[in-house]
$ cat start-v7.pdb   # PDB, C-alpha atoms
ATOM      1  CA  MET A   1       2.434  50.641   6.495
ATOM      2  CA  PRO A   2       1.123  53.891   4.907
ATOM      3  CA  HIS A   3       1.096  56.748   7.382
ATOM      4  CA  ASP A   4      -0.036  59.764   5.370
ATOM      5  CA  VAL A   5      -2.237  61.178   2.633
ATOM      6  CA  VAL A   6      -0.392  63.221  -0.002
ATOM      7  CA  VAL A   7      -2.039  66.059  -1.932
ATOM      8  CA  GLY A   8      -0.496  68.025  -4.758
ATOM      9  CA  ILE A   9      -1.297  71.745  -4.551
ATOM     10  CA  ASP A  10      -0.571  74.650  -6.884
ATOM     11  CA  GLY A  11      -2.792  77.354  -5.393
ATOM     12  CA  SER A  12      -5.642  76.885  -7.877
ATOM     13  CA  THR A  13      -9.296  76.399  -6.963
ATOM     14  CA  GLN A  14      -9.075  72.793  -8.133
ATOM     15  CA  SER A  15      -6.118  72.056  -5.885
ATOM     16  CA  ALA A  16      -8.000  73.661  -2.978
ATOM     17  CA  ALA A  17     -10.831  71.207  -3.583
ATOM     18  CA  ALA A  18      -8.299  68.361  -3.726
ATOM     19  CA  ALA A  19      -6.731  69.561  -0.466
ATOM     20  CA  GLY A  20     -10.142  69.568   1.212
ATOM     21  CA  TRP A  21     -10.859  66.028   0.002
ATOM     22  CA  ALA A  22      -7.431  64.884   1.202
ATOM     23  CA  ALA A  23      -7.851  66.545   4.610
ATOM     24  CA  ARG A  24     -11.175  64.780   5.154
ATOM     25  CA  GLU A  25      -9.644  61.462   4.084
ATOM     26  CA  ALA A  26      -6.710  61.896   6.476
ATOM     27  CA  ARG A  27      -8.973  62.871   9.376
ATOM     28  CA  ARG A  28     -11.323  59.909   8.814
ATOM     29  CA  ASN A  29      -8.457  57.427   8.807
ATOM     30  CA  GLY A  30      -6.262  58.953  11.508
ATOM     31  CA  LEU A  31      -3.437  59.719   9.074
ATOM     32  CA  ALA A  32      -1.168  62.712   8.591
ATOM     33  CA  LEU A  33      -1.710  65.092   5.666
ATOM     34  CA  ARG A  34       1.314  65.850   3.509
ATOM     35  CA  MET A  35       0.901  68.795   1.132
ATOM     36  CA  VAL A  36       3.345  68.990  -1.769
ATOM     37  CA  HIS A  37       3.928  71.869  -4.164
ATOM     38  CA  VAL A  38       6.136  71.049  -7.148
ATOM     39  CA  ALA A  39       8.179  73.950  -8.521
ATOM     40  CA  GLY A  40       9.367  73.205 -12.018
ATOM     41  CA  GLY A  41      11.418  76.385 -12.351
ATOM     42  CA  GLU A  42      12.120  79.563 -10.477
ATOM     43  CA  VAL A  43      10.057  80.190  -7.364
ATOM     44  CA  ASP A  44       7.368  82.795  -7.995
ATOM     45  CA  ALA A  45       8.026  86.282  -6.674
ATOM     46  CA  LEU A  46       4.743  86.075  -4.750
ATOM     47  CA  GLU A  47       6.014  83.730  -2.074
ATOM     48  CA  CYS A  48       6.010  83.493   1.653
ATOM     49  CA  ASP A  49       8.844  82.221   3.800
ATOM     50  CA  LEU A  50       7.786  79.138   5.788
ATOM     51  CA  GLY A  51      10.989  78.912   7.739
ATOM     52  CA  GLY A  52      13.476  76.102   7.581
ATOM     53  CA  GLY A  53      14.784  77.278   4.236
ATOM     54  CA  SER A  54      11.627  76.525   2.185
ATOM     55  CA  ALA A  55       9.186  78.885   0.511
ATOM     56  CA  LEU A  56       5.715  78.522  -0.990
ATOM     57  CA  PRO A  57       3.638  80.738  -3.263
ATOM     58  CA  ARG A  58       1.113  82.653  -1.199
ATOM     59  CA  PRO A  59      -1.993  80.910  -2.656
ATOM     60  CA  VAL A  60      -0.466  77.551  -1.710
ATOM     61  CA  ALA A  61       0.372  78.734   1.802
ATOM     62  CA  ALA A  62      -3.192  80.066   2.126
ATOM     63  CA  ILE A  63      -4.606  76.593   1.476
ATOM     64  CA  ARG A  64      -2.265  75.133   4.089
ATOM     65  CA  ASP A  65      -3.255  77.785   6.628
ATOM     66  CA  ARG A  66      -6.973  77.147   6.074
ATOM     67  CA  ILE A  67      -6.574  73.449   6.774
ATOM     68  CA  THR A  68      -4.381  73.848   9.849
ATOM     69  CA  ALA A  69      -6.783  76.442  11.261
ATOM     70  CA  ALA A  70      -9.879  74.326  10.631
ATOM     71  CA  LEU A  71      -8.325  71.045  11.761
ATOM     72  CA  PRO A  72      -5.741  71.822  14.460
ATOM     73  CA  GLU A  73      -5.755  68.176  15.546
ATOM     74  CA  LEU A  74      -4.628  67.006  12.087
ATOM     75  CA  ALA A  75      -0.875  66.525  11.568
ATOM     76  CA  VAL A  76      -0.125  68.639   8.483
ATOM     77  CA  SER A  77       3.178  69.138   6.712
ATOM     78  CA  CYS A  78       3.758  71.307   3.656
ATOM     79  CA  GLU A  79       6.771  71.225   1.398
ATOM     80  CA  ILE A  80       8.090  72.405  -1.928
ATOM     81  CA  VAL A  81       9.945  69.973  -4.206
ATOM     82  CA  PRO A  82      11.648  70.572  -7.547
ATOM     83  CA  GLY A  83      11.192  68.671 -10.772
ATOM     84  CA  ASN A  84       8.576  67.456 -13.196
ATOM     85  CA  PRO A  85       5.216  67.502 -11.354
ATOM     86  CA  ALA A  86       3.980  64.048 -12.414
ATOM     87  CA  TYR A  87       7.280  62.314 -11.625
ATOM     88  CA  ALA A  88       7.860  64.260  -8.397
ATOM     89  CA  LEU A  89       4.363  63.563  -7.055
ATOM     90  CA  ALA A  90       4.596  59.869  -7.932
ATOM     91  CA  ALA A  91       7.931  59.599  -6.123
ATOM     92  CA  THR A  92       6.751  61.590  -3.115
ATOM     93  CA  SER A  93       3.677  59.403  -2.599
ATOM     94  CA  ARG A  94       5.425  56.046  -3.021
ATOM     95  CA  ARG A  95       4.737  54.933   0.568
ATOM     96  CA  SER A  96       1.492  56.851   1.109
ATOM     97  CA  SER A  97      -2.045  55.544   1.407
ATOM     98  CA  VAL A  98      -3.350  57.774  -1.403
ATOM     99  CA  LEU A  99      -2.296  60.672  -3.648
ATOM    100  CA  VAL A 100      -4.952  63.358  -4.240
ATOM    101  CA  LEU A 101      -4.838  65.805  -7.157
ATOM    102  CA  GLY A 102      -7.103  68.427  -8.637
ATOM    103  CA  SER A 103      -8.106  67.434 -12.148
ATOM    104  CA  ARG A 104      -7.142  70.810 -13.586
ATOM    105  CA  GLY A 105      -4.472  73.178 -12.334
ATOM    106  CA  LEU A 106      -3.717  76.676 -13.519
ATOM    107  CA  GLY A 107      -2.870  75.358 -16.998
ATOM    108  CA  GLY A 108      -6.108  73.435 -17.535
ATOM    109  CA  PHE A 109      -8.412  73.817 -20.502
ATOM    110  CA  THR A 110     -12.140  73.474 -21.099
ATOM    111  CA  GLY A 111     -13.327  70.156 -22.511
ATOM    112  CA  LEU A 112     -11.119  67.440 -21.071
ATOM    113  CA  LEU A 113     -11.152  67.621 -17.298
ATOM    114  CA  VAL A 114      -7.829  65.962 -16.547
ATOM    115  CA  GLY A 115      -4.553  67.590 -17.511
ATOM    116  CA  SER A 116      -1.342  65.841 -18.433
ATOM    117  CA  VAL A 117       0.010  65.969 -14.862
ATOM    118  CA  GLY A 118      -3.010  64.109 -13.488
ATOM    119  CA  LEU A 119      -2.933  61.480 -16.223
ATOM    120  CA  ARG A 120       0.796  60.839 -15.939
ATOM    121  CA  ALA A 121       0.699  60.689 -12.147
ATOM    122  CA  ALA A 122      -2.287  58.308 -12.173
ATOM    123  CA  ALA A 123      -0.435  56.044 -14.612
ATOM    124  CA  ARG A 124       2.770  55.674 -12.604
ATOM    125  CA  THR A 125       2.077  55.860  -8.849
ATOM    126  CA  ASP A 126       2.370  52.852  -6.561
ATOM    127  CA  CYS A 127      -0.565  53.998  -4.417
ATOM    128  CA  PRO A 128      -4.171  54.845  -5.353
ATOM    129  CA  VAL A 129      -4.650  58.262  -6.954
ATOM    130  CA  VAL A 130      -7.821  60.304  -6.436
ATOM    131  CA  LEU A 131      -8.513  63.041  -8.976
ATOM    132  CA  VAL A 132     -11.017  65.691  -7.933
ATOM    133  CA  PRO A 133     -12.589  67.383 -10.996
ATOM    134  CA  ALA A 134     -13.635  70.989 -11.314
ATOM    135  CA  GLY A 135     -17.143  71.381  -9.940
ATOM    136  CA  ALA A 136     -16.919  68.314  -7.682
ATOM    137  CA  GLY A 137     -15.059  69.840  -4.764
ATOM    138  CA  GLY A 138     -18.147  71.142  -3.011
ATOM    139  CA  PRO A 139     -18.185  74.423  -1.079
ATOM    140  CA  ALA A 140     -14.429  74.897  -1.350
ATOM    141  CA  GLU A 141     -14.660  75.899  -4.987
ATOM    142  CA  SER A 142     -17.307  78.571  -4.514
ATOM    143  CA  GLY A 143     -15.051  80.334  -2.045
ATOM    144  CA  GLY A 144     -11.928  80.146  -4.196
ATOM    145  CA  PRO A 145      -8.593  78.871  -2.982
ATOM    146  CA  ALA A 146      -8.793  80.879   0.223
ATOM    147  CA  GLY A 147     -12.484  80.307   0.974
ATOM    148  CA  PRO A 148     -13.638  79.075   4.375
ATOM    149  CA  ASP A 149     -15.104  75.661   3.604
ATOM    150  CA  VAL A 150     -12.249  73.500   2.356
ATOM    151  CA  THR A 151     -12.500  70.969   5.191
ATOM    152  CA  ASP A 152     -16.277  70.916   5.662
ATOM    153  CA  GLU A 153     -17.957  67.527   5.437
ATOM    154  CA  PRO A 154     -21.087  67.436   3.228
ATOM    155  CA  ALA A 155     -24.215  68.303   5.202
ATOM    156  CA  ALA A 156     -26.338  65.743   3.348
ATOM    157  CA  ALA A 157     -25.805  61.997   3.242
ATOM    158  CA  PRO A 158     -22.821  61.114   1.055
ATOM    159  CA  GLY A 159     -23.454  59.996  -2.496
ATOM    160  CA  GLU A 160     -22.826  56.354  -3.219
ATOM    161  CA  VAL A 161     -19.406  54.927  -3.968
ATOM    162  CA  VAL A 162     -19.329  53.282  -7.398
ATOM    163  CA  VAL A 163     -16.733  50.675  -8.337
ATOM    164  CA  GLY A 164     -16.264  49.092 -11.741
ATOM    165  CA  VAL A 165     -15.250  45.407 -11.798
ATOM    166  CA  GLN A 166     -14.941  42.353 -13.960
ATOM    167  CA  GLY A 167     -17.140  39.863 -12.153
ATOM    168  CA  ASP A 168     -15.325  36.769 -13.378
ATOM    169  CA  ARG A 169     -12.029  38.088 -11.956
ATOM    170  CA  PRO A 170     -12.678  40.904  -9.481
ATOM    171  CA  CYS A 171      -9.544  42.629  -8.219
ATOM    172  CA  ASP A 172      -8.971  42.519  -4.476
ATOM    173  CA  ALA A 173      -7.077  45.824  -4.346
ATOM    174  CA  VAL A 174      -9.849  47.714  -6.144
ATOM    175  CA  LEU A 175     -12.660  46.192  -4.087
ATOM    176  CA  ALA A 176     -10.730  46.704  -0.841
ATOM    177  CA  PHE A 177     -10.325  50.421  -1.547
ATOM    178  CA  ALA A 178     -14.006  50.804  -2.479
ATOM    179  CA  PHE A 179     -15.329  48.908   0.547
ATOM    180  CA  GLN A 180     -12.982  50.714   2.948
ATOM    181  CA  HIS A 181     -13.994  54.141   1.638
ATOM    182  CA  ALA A 182     -17.692  53.273   1.786
ATOM    183  CA  ALA A 183     -17.287  51.985   5.340
ATOM    184  CA  ALA A 184     -15.400  55.110   6.433
ATOM    185  CA  THR A 185     -17.895  57.559   4.909
ATOM    186  CA  GLY A 186     -21.123  55.643   5.565
ATOM    187  CA  ALA A 187     -21.937  55.645   1.851
ATOM    188  CA  ARG A 188     -23.742  52.918  -0.040
ATOM    189  CA  LEU A 189     -21.532  50.917  -2.412
ATOM    190  CA  ARG A 190     -22.662  50.090  -5.952
ATOM    191  CA  VAL A 191     -20.558  47.443  -7.686
ATOM    192  CA  MET A 192     -20.998  47.644 -11.450
ATOM    193  CA  GLU A 193     -19.978  45.357 -14.285
ATOM    194  CA  SER A 194     -20.380  45.921 -18.011
ATOM    195  CA  ARG A 195     -21.656  42.908 -19.967
ATOM    196  CA  ASP A 196     -22.936  42.524 -23.517
ATOM    197  CA  THR A 197     -26.688  42.192 -23.835
ATOM    198  CA  TYR A 198     -27.849  38.773 -24.989
ATOM    199  CA  HIS A 199     -29.659  39.195 -28.300
ATOM    200  CA  GLY A 200     -29.733  35.595 -29.528
ATOM    201  CA  PRO A 201     -30.629  33.746 -31.626
ATOM    202  CA  TYR A 202     -30.994  30.837 -29.213
ATOM    203  CA  THR A 203     -31.593  27.182 -29.926
ATOM    204  CA  THR A 204     -33.659  25.359 -27.321
ATOM    205  CA  GLU A 205     -36.307  22.694 -27.118
ATOM    206  CA  ALA A 206     -37.928  24.398 -24.134
ATOM    207  CA  PRO A 207     -41.226  26.230 -24.770
ATOM    208  CA  VAL A 208     -39.790  29.680 -23.934
ATOM    209  CA  GLY A 209     -39.234  32.775 -26.030
ATOM    210  CA  VAL A 210     -36.067  34.656 -26.841
ATOM    211  CA  ARG A 211     -36.915  37.399 -24.338
ATOM    212  CA  GLU A 212     -37.295  34.957 -21.462
ATOM    213  CA  ILE A 213     -34.018  33.275 -22.335
ATOM    214  CA  GLY A 214     -32.222  36.627 -22.424
ATOM    215  CA  GLU A 215     -33.675  37.636 -19.054
ATOM    216  CA  SER A 216     -32.626  34.307 -17.554
ATOM    217  CA  LEU A 217     -29.058  34.679 -18.795
ATOM    218  CA  ALA A 218     -28.882  38.268 -17.494
ATOM    219  CA  ALA A 219     -30.148  37.079 -14.096
ATOM    220  CA  SER A 220     -27.424  34.432 -13.986
ATOM    221  CA  GLU A 221     -24.794  37.146 -14.576
ATOM    222  CA  GLN A 222     -26.263  39.101 -11.666
ATOM    223  CA  VAL A 223     -26.028  36.044  -9.412
ATOM    224  CA  ARG A 224     -22.434  35.444 -10.478
ATOM    225  CA  LEU A 225     -21.496  39.019  -9.533
ATOM    226  CA  GLN A 226     -23.325  38.711  -6.203
ATOM    227  CA  ASP A 227     -21.382  35.514  -5.450
ATOM    228  CA  ALA A 228     -18.078  37.233  -6.251
ATOM    229  CA  LEU A 229     -18.892  39.887  -3.613
ATOM    230  CA  ALA A 230     -19.939  37.473  -0.854
ATOM    231  CA  ARG A 231     -16.652  37.453   1.068
ATOM    232  CA  TRP A 232     -16.373  41.248   0.874
ATOM    233  CA  ARG A 233     -19.867  41.647   2.296
ATOM    234  CA  ASP A 234     -18.892  39.311   5.115
ATOM    235  CA  LYS A 235     -15.769  41.397   5.788
ATOM    236  CA  PHE A 236     -17.693  44.712   5.714
ATOM    237  CA  PRO A 237     -21.164  43.831   7.067
ATOM    238  CA  GLY A 238     -22.000  47.475   7.737
ATOM    239  CA  VAL A 239     -21.629  48.533   4.103
ATOM    240  CA  ARG A 240     -24.869  48.607   2.125
ATOM    241  CA  THR A 241     -23.998  46.999  -1.182
ATOM    242  CA  GLU A 242     -25.763  46.773  -4.528
ATOM    243  CA  ALA A 243     -24.507  44.691  -7.463
ATOM    244  CA  GLN A 244     -25.486  45.769 -10.958
ATOM    245  CA  VAL A 245     -24.754  44.278 -14.381
ATOM    246  CA  CYS A 246     -25.112  46.884 -17.133
ATOM    247  CA  ALA A 247     -25.345  46.528 -20.918
ATOM    248  CA  TRP A 248     -23.555  49.851 -21.542
ATOM    249  CA  SER A 249     -19.852  50.103 -22.320
ATOM    250  CA  PRO A 250     -17.659  50.344 -19.188
ATOM    251  CA  GLY A 251     -16.763  53.991 -19.789
ATOM    252  CA  ARG A 252     -20.318  55.146 -20.369
ATOM    253  CA  MET A 253     -21.577  53.062 -17.449
ATOM    254  CA  LEU A 254     -19.191  54.658 -14.946
ATOM    255  CA  VAL A 255     -19.510  58.210 -16.302
ATOM    256  CA  GLU A 256     -23.302  58.038 -16.032
ATOM    257  CA  ALA A 257     -23.067  56.554 -12.530
ATOM    258  CA  SER A 258     -20.734  59.396 -11.510
ATOM    259  CA  ARG A 259     -23.592  61.909 -11.836
ATOM    260  CA  THR A 260     -24.963  60.897  -8.427
ATOM    261  CA  ALA A 261     -21.843  59.335  -6.863
ATOM    262  CA  SER A 262     -19.413  60.763  -4.330
ATOM    263  CA  LEU A 263     -16.560  58.628  -5.690
ATOM    264  CA  VAL A 264     -15.931  56.308  -8.641
ATOM    265  CA  VAL A 265     -13.291  53.613  -8.141
ATOM    266  CA  LEU A 266     -11.586  51.778 -10.973
ATOM    267  CA  GLY A 267      -8.433  49.741 -11.424
ATOM    268  CA  ARG A 268      -5.208  50.205 -13.322
ATOM    269  CA  ARG A 269      -3.187  47.125 -14.132
ATOM    270  CA  ALA A 270       0.489  47.655 -13.324
ATOM    271  CA  PRO A 271       2.929  46.648 -16.081
ATOM    272  CA  ALA A 272       3.922  42.999 -15.864
ATOM    273  CA  HIS A 273       7.473  43.760 -17.012
ATOM    274  CA  PRO A 274       9.661  46.296 -15.161
ATOM    275  CA  MET A 275      10.787  47.803 -18.469
ATOM    276  CA  ALA A 276       7.228  48.374 -19.694
ATOM    277  CA  GLY A 277       6.067  51.972 -19.619
ATOM    278  CA  PRO A 278       3.187  53.057 -17.344
ATOM    279  CA  ARG A 279      -0.161  53.575 -19.027
ATOM    280  CA  LEU A 280      -3.847  54.126 -18.367
ATOM    281  CA  GLY A 281      -6.391  52.020 -20.217
ATOM    282  CA  ALA A 282      -9.079  53.436 -22.472
ATOM    283  CA  VAL A 283     -11.804  53.012 -19.848
ATOM    284  CA  ALA A 284      -9.823  54.872 -17.172
ATOM    285  CA  GLN A 285      -9.023  57.732 -19.540
ATOM    286  CA  SER A 286     -12.648  58.035 -20.643
ATOM    287  CA  VAL A 287     -13.913  58.153 -17.067
ATOM    288  CA  LEU A 288     -11.238  60.609 -15.917
ATOM    289  CA  HIS A 289     -11.958  63.010 -18.767
ATOM    290  CA  HIS A 290     -15.743  63.043 -18.382
ATOM    291  CA  THR A 291     -16.545  62.229 -14.752
ATOM    292  CA  HIS A 292     -18.907  64.288 -12.601
ATOM    293  CA  CYS A 293     -17.287  63.309  -9.274
ATOM    294  CA  PRO A 294     -13.869  62.389  -7.868
ATOM    295  CA  VAL A 295     -12.289  59.243  -9.335
ATOM    296  CA  ALA A 296      -9.909  56.844  -7.573
ATOM    297  CA  VAL A 297      -7.484  54.912  -9.781
ATOM    298  CA  VAL A 298      -6.163  51.883  -7.888
ATOM    299  CA  PRO A 299      -3.061  50.074  -9.188
ATOM    300  CA  HIS A 300      -3.060  46.278  -9.107
ATOM    301  CA  ARG A 301      -1.247  43.296 -10.567
TER
END

$ encode --input "start-v7.pdb" --output "structure tokens"
Amino acid sequence: MPHDVVVGIDGSTQSAAAAGWAAREARRNGLALRMVHVAGGEVDALECDLGGGSALPRPVAAIRDRITAALPELAVSCEIVPGNPAYALAATSRRSSVLVLGSRGLGGFTGLLVGSVGLRAAARTDCPVVLVPAGAGGPAESGGPAGPDVTDEPAAAPGEVVVGVQGDRPCDAVLAFAFQHAAATGARLRVMESRDTYHGPYTTEAPVGVREIGESLAASEQVRLQDALARWRDKFPGVRTEAQVCAWSPGRMLVEASRTASLVVLGRRAPAHPMAGPRLGAVAQSVLHHTHCPVAVVPHR
């Protein structure tokens, strides 16, 4: 059973936002917070001794100190591990409930929000990965890595949780994560599916026009999606749920929905063969690069 939330930190503003998101997630679910800094080479000269033979760069230790000071009741550990960041973080979080990363670290660049570490980690972890993009971390980013608000909950009602599905074969792991997060945060859940618009032509003996036929077919898709969610609504009766079938492409649909969302949830199919390499699909990469809010990538079979 997962017993902690893991967050990768490098001392950047983005990793401070990720640490704040992870701390709130751990507190909501009664889990420990495990902070991991991956050192690929020599330890920076600007370091502080944590005792026990380990050392962290001062910006990383500052993030840890902010969280432990703001949430003294939260069990927090902080460690430094060697190796390639994507591989080390994936291995470290193997038995965790979720791995949280900032979408850009100190080596990020303008344009694409997610760096190579985030993409590689999201493609290979056994647990869900949440990537927090620049600009979506809330007050923590305005104060910099050592600002005072890293653990503050939003003052306003949380934005909705958006989850992308295939209505004819919805994935239990993806829906479970989305419903659980919505239930824990009190957010509304919007379940979205991308479907081609029906343009016709249609052959029918009924005295109805093409527009009416198209609207009827679209309504039937909506009903099918609602039916697929019935057992999840029964399991989470307190979650306000909306089902929406959209004519846009999946990537555009979820990126646009992210403008007002607090979290977008999507799935990643794990390789069927153990020798197959990990990968993210085109939809996941599009959403991760262009999202306006944190994105959770949930692995499933």

$ resolve_selection --input "start-v7.pdb" --expression "the PyMOL selection byres ((chain A and resi 260) around 12)" --output "PyMOL selection string"
chain A and resi 136+157-162+187-188+190+254-259+261-264+291-294

$ atom_distance --input "start-v7.pdb" --atom1 "atom CA of Asn84 of chain A" --atom2 "atom CA of Ala123 of chain A"
14.6 Å

$ closest_residue --input "start-v7.pdb" --among "A:Ser103, A:Met35, A:Glu79, A:Gly30" --to "Gln14 of chain A" --atoms "only C-alpha atoms"
A:Ser103

$ residues_around --input "start-v7.pdb" --residues "Ser77 of chain A" --least-positions-apart "2" --cutoff "9 Å" --atoms "all atoms listed in the file" --output "PDB file with C-alpha atoms, keeping the file's coordinate frame"
ATOM      1  CA  ALA A  32      -1.168  62.712   8.591  1.00  0.00           C
ATOM      2  CA  LEU A  33      -1.710  65.092   5.666  1.00  0.00           C
ATOM      3  CA  ARG A  34       1.314  65.850   3.509  1.00  0.00           C
ATOM      4  CA  MET A  35       0.901  68.795   1.132  1.00  0.00           C
ATOM      5  CA  VAL A  36       3.345  68.990  -1.769  1.00  0.00           C
ATOM      6  CA  ARG A  64      -2.265  75.133   4.089  1.00  0.00           C
ATOM      7  CA  ALA A  75      -0.875  66.525  11.568  1.00  0.00           C
ATOM      8  CA  GLU A  79       6.771  71.225   1.398  1.00  0.00           C
TER       9      GLU A  79
END

$ resolve_selection --input "start-v7.pdb" --expression "the PyMOL selection byres ((chain A and resi 5-11) around 9)" --output "NGL selection string"
:A and (2-4 or 12-16 or 18-19 or 22-23 or 25-26 or 31-39 or 57-63 or 85 or 89 or 92-93 or 96-102 or 105-106 or 145-146)

$ residues_near_point --input "start-v7.pdb" --point "(-11.9, 41.4, -10.4)" --cutoff "12 Å" --atoms "only C-alpha atoms" --output "ChimeraX atom specification"
/A:163-176,191-193,225,228-229,266-269,300-301

$ residues_near_point --input "start-v7.pdb" --point "(-0.3, 54.4, -11.5)" --cutoff "12 Å" --atoms "all atoms listed in the file" --output "JSON, numbers by chain"
{"A": [86, 87, 89, 90, 91, 93, 94, 98, 99, 118, 119, 120, 121, 122, 123, 124, 125, 126, 127, 128, 129, 130, 266, 267, 268, 269, 270, 271, 277, 278, 279, 280, 281, 284, 296, 297, 298, 299, 300, 301]}

$ atom_distance --input "start-v7.pdb" --atom1 "atom CA of Arg24 of chain A" --atom2 "atom CA of Arg95 of chain A"
19.3 Å

$ atom_distance --input "start-v7.pdb" --atom1 "atom CA of Arg233 of chain A" --atom2 "atom CA of Cys246 of chain A"
20.8 Å

$ closest_residue --input "start-v7.pdb" --among "A:Val117, A:Thr68, A:Pro133, A:Ala183" --to "Ala88 of chain A" --atoms "all atoms listed in the file"
A:Val117

$ closest_residue --input "start-v7.pdb" --among "A:Pro82, A:Ile67, A:Val132, A:Gln180" --to "Trp232 of chain A" --atoms "all atoms listed in the file"
A:Gln180

$ closest_residue --input "start-v7.pdb" --among "A:Ser116, A:Thr241, A:Gln226, A:Ser286" --to "Phe179 of chain A" --atoms "only C-alpha atoms"
A:Thr241
